[in-house]
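Undergrad: Handing you a structure now.
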Amino acid sequence: MTAPRTAQTIARPFLGTGPAVRAVAGSVSSTAALLAERRLHQPTGRRGLRLGFADGTGSRVYRETAVDVEDPREPAVLVVVFRLRAVRGRGHALFRWESELNTSLFAGFPGFVSKLWLAHDDRDRYRGVYEWDGPERARDYVRALGWVLSLVSEPASVQAVVFPGLHRDEVLQEPDLLADHGAPAWSVLTAVDPPPAP
């Protein structure tokens with residue numbers, strides 16, 4: 001019998017200002033190199049998918065970011081959630097447009113593979129669903145970027161869950177793979193509509 005997988009939930013406190021700024025600056029520099037090498041892409045095949053979660057909410061994918069890398073040796077799915085301060089109504093459309101400028105804040109972190117950007121749900125929360133190579137690298141990323149997100153978000157709303165040993169695309173095919181990890185309901189994918197092509 002296989003031992004149940006255990007997810008790790010990450011919330012405040014995150015890294016302090018100095019370490020977070022250094023980590024994000026490193027990502028910006030690495031992202032510039034990825035762009036110069038044409039290794040950073042925005043695939044469109046998953047845009048429009050609606051992802052449903054165990055807390056009864058759901059969101060549509062409005063963008064994907066992916067980097068050309070070898071298959072992860074230590075795959076991990078990372079789900080991040082946050083609620084922006086004072087963004088309501090038309091402000092959401094403006095944020096979705098502006099958010100592309102934020103790509104350099106994460107795409108250059110070591111181990112980044114891909115991110116699905118989800119629009120706000122009916123509780124005004126945004127999510128990102130990532131694939132990472134290395135659960136510890138995913139945790140390092142959250143600790144650094146959590147500080148940045150806390151500047152523009154309701155601080156208590158910034159949380160993340162790392163699901164080790166899983167590829168993002170296998171989770172999109174079989175959402176039940178995120179069940180039974182002991183993770184909070186907002187992070188547990190339950191449905192993908194329409195189901196992605198295999």
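In the structure tokens, chains take letters A, B, ... by order of appearance, with residues numbered from 1 within each chain and ligands from 1 in the order shown.
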Write out as a VMD selection string the set of residues from chain A that DSSP, computed on the backbone, places in alpha helix (DSSP H).

TA: chain A and resid 17 to 36 91 to 98 135 to 152 168 to 173

Undergrad: Considering only C-alpha atoms, tabulate each residue of region 61-84 of chain A that lies at most 10 Å from region 32-52 of chain A along with its nearest interatomic pair and the corresponding distance in Å to one decimal; arrange the rows by chain and ascending residue number and present them as a Markdown table.

TA:
| residue | atom | partner | partner_atom | distance |
| --- | --- | --- | --- | --- |
| A:Val61 | CA | A:Arg47 | CA | 5.1 |
| A:Tyr62 | CA | A:Arg47 | CA | 5.4 |
| A:Arg63 | CA | A:Arg47 | CA | 5.9 |
| A:Glu64 | CA | A:Gln42 | CA | 5.3 |
| A:Thr65 | CA | A:Gln42 | CA | 4.7 |
| A:Ala66 | CA | A:His41 | CA | 5.3 |
| A:Val67 | CA | A:Leu40 | CA | 4.5 |
| A:Asp68 | CA | A:Arg39 | CA | 5.1 |
| A:Val69 | CA | A:Arg39 | CA | 8.3 |

Undergrad: What is the CA of Thr31 (chain A) to CA of Gly16 (chain A) distance in Å?

TA: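 Straight-line distance from CA of Thr31 (chain A) to CA of Gly16 (chain A) works out to 22.4 Å.
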
Undergrad: DSSP on the backbone: which residues in region 97-132 of chain A end up as strand (DSSP E)? Give the answer as a count of residues only.

TA: 14

Undergrad: Neighbours of Arg137 (chain A) within 10 Å (only C-alpha atoms; same-chain residues fewer than 3 positions away dropped), as a VMD selection string?

TA: chain A and resid 76 109 to 112 132 to 134 140 to 143

Undergrad: Name the closest residue to Ser104 (chain A) among the candidates A:Ser59, A:Ser150, A:Tyr130, A:Val28; distances are taken between atoms, counting only C-alpha atoms.

TA: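 Using only C-alpha atoms, Ser104 (chain A) sits closest to A:Val28.
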
Undergrad: Using only C-alpha atoms, which of A:Tyr126, A:Phe14, A:Trp117, A:Trp97 sits nearest Leu84 (chain A)?

TA: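 Once distances to Leu84 (chain A) are computed over only C-alpha atoms, the minimum belongs to A:Tyr126.
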
Undergrad: Excluding Ala185 (chain A) and any residue of its chain fewer than 3 positions from it, enumerate the residues within 6 Å of it, using only C-alpha atoms, and give them as a list of chain:residue names.

TA: A:Ala54, A:Asp55, A:Val188

Undergrad: If we count only C-alpha atoms, what is near Val79 (chain A) at a cut-off of 9 Å, once residues fewer than 6 positions away on the same chain are taken out, given as a PDB file with C-alpha atoms, in the first residue's frame?

TA:
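After the write, part12.pdb holds the following:
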ATOM      1  CA  ARG A 127      -5.017  31.720  -8.432  1.00  0.00           C
ATOM      2  CA  GLY A 128      -1.963  30.541 -10.290  1.00  0.00           C
ATOM      3  CA  VAL A 129      -1.491  26.840 -11.017  1.00  0.00           C
ATOM      4  CA  TYR A 130       2.159  26.052 -11.674  1.00  0.00           C
ATOM      5  CA  GLU A 131       4.412  23.154 -12.464  1.00  0.00           C
ATOM      6  CA  GLN A 159      -1.219  31.437   0.502  1.00  0.00           C
ATOM      7  CA  ALA A 160       0.176  28.560  -1.497  1.00  0.00           C
ATOM      8  CA  VAL A 161       0.150  24.773  -1.532  1.00  0.00           C
ATOM      9  CA  VAL A 162       2.853  22.520  -2.984  1.00  0.00           C
ATOM     10  CA  PHE A 163       1.795  19.067  -4.195  1.00  0.00           C
ATOM     11  CA  SER A 187      -6.257  24.567  -3.647  1.00  0.00           C
ATOM     12  CA  VAL A 188      -7.803  21.189  -4.499  1.00  0.00           C
TER      13      VAL A 188
END

Undergrad: Could you state the separation of CA of Phe53 (chain A) and CA of Trp186 (chain A) in Å, given to one decimal place?

TA: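 That distance, rounded to one decimal, is 5.9 Å.
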
Undergrad: May I ask for the distance between CA of Leu118 (chain A) and CA of Ser99 (chain A), given in Å to one decimal place?

TA: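 One can read the CA of Leu118 (chain A) to CA of Ser99 (chain A) distance as 11.1 Å.
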
Undergrad: When you count only C-alpha atoms, which of these residues is closest to Ser114 (chain A): A:Leu151, A:Ala93, A:Pro72, A:Arg85?

TA: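 Of all the options, A:Pro72 lies closest to Ser114 (chain A).
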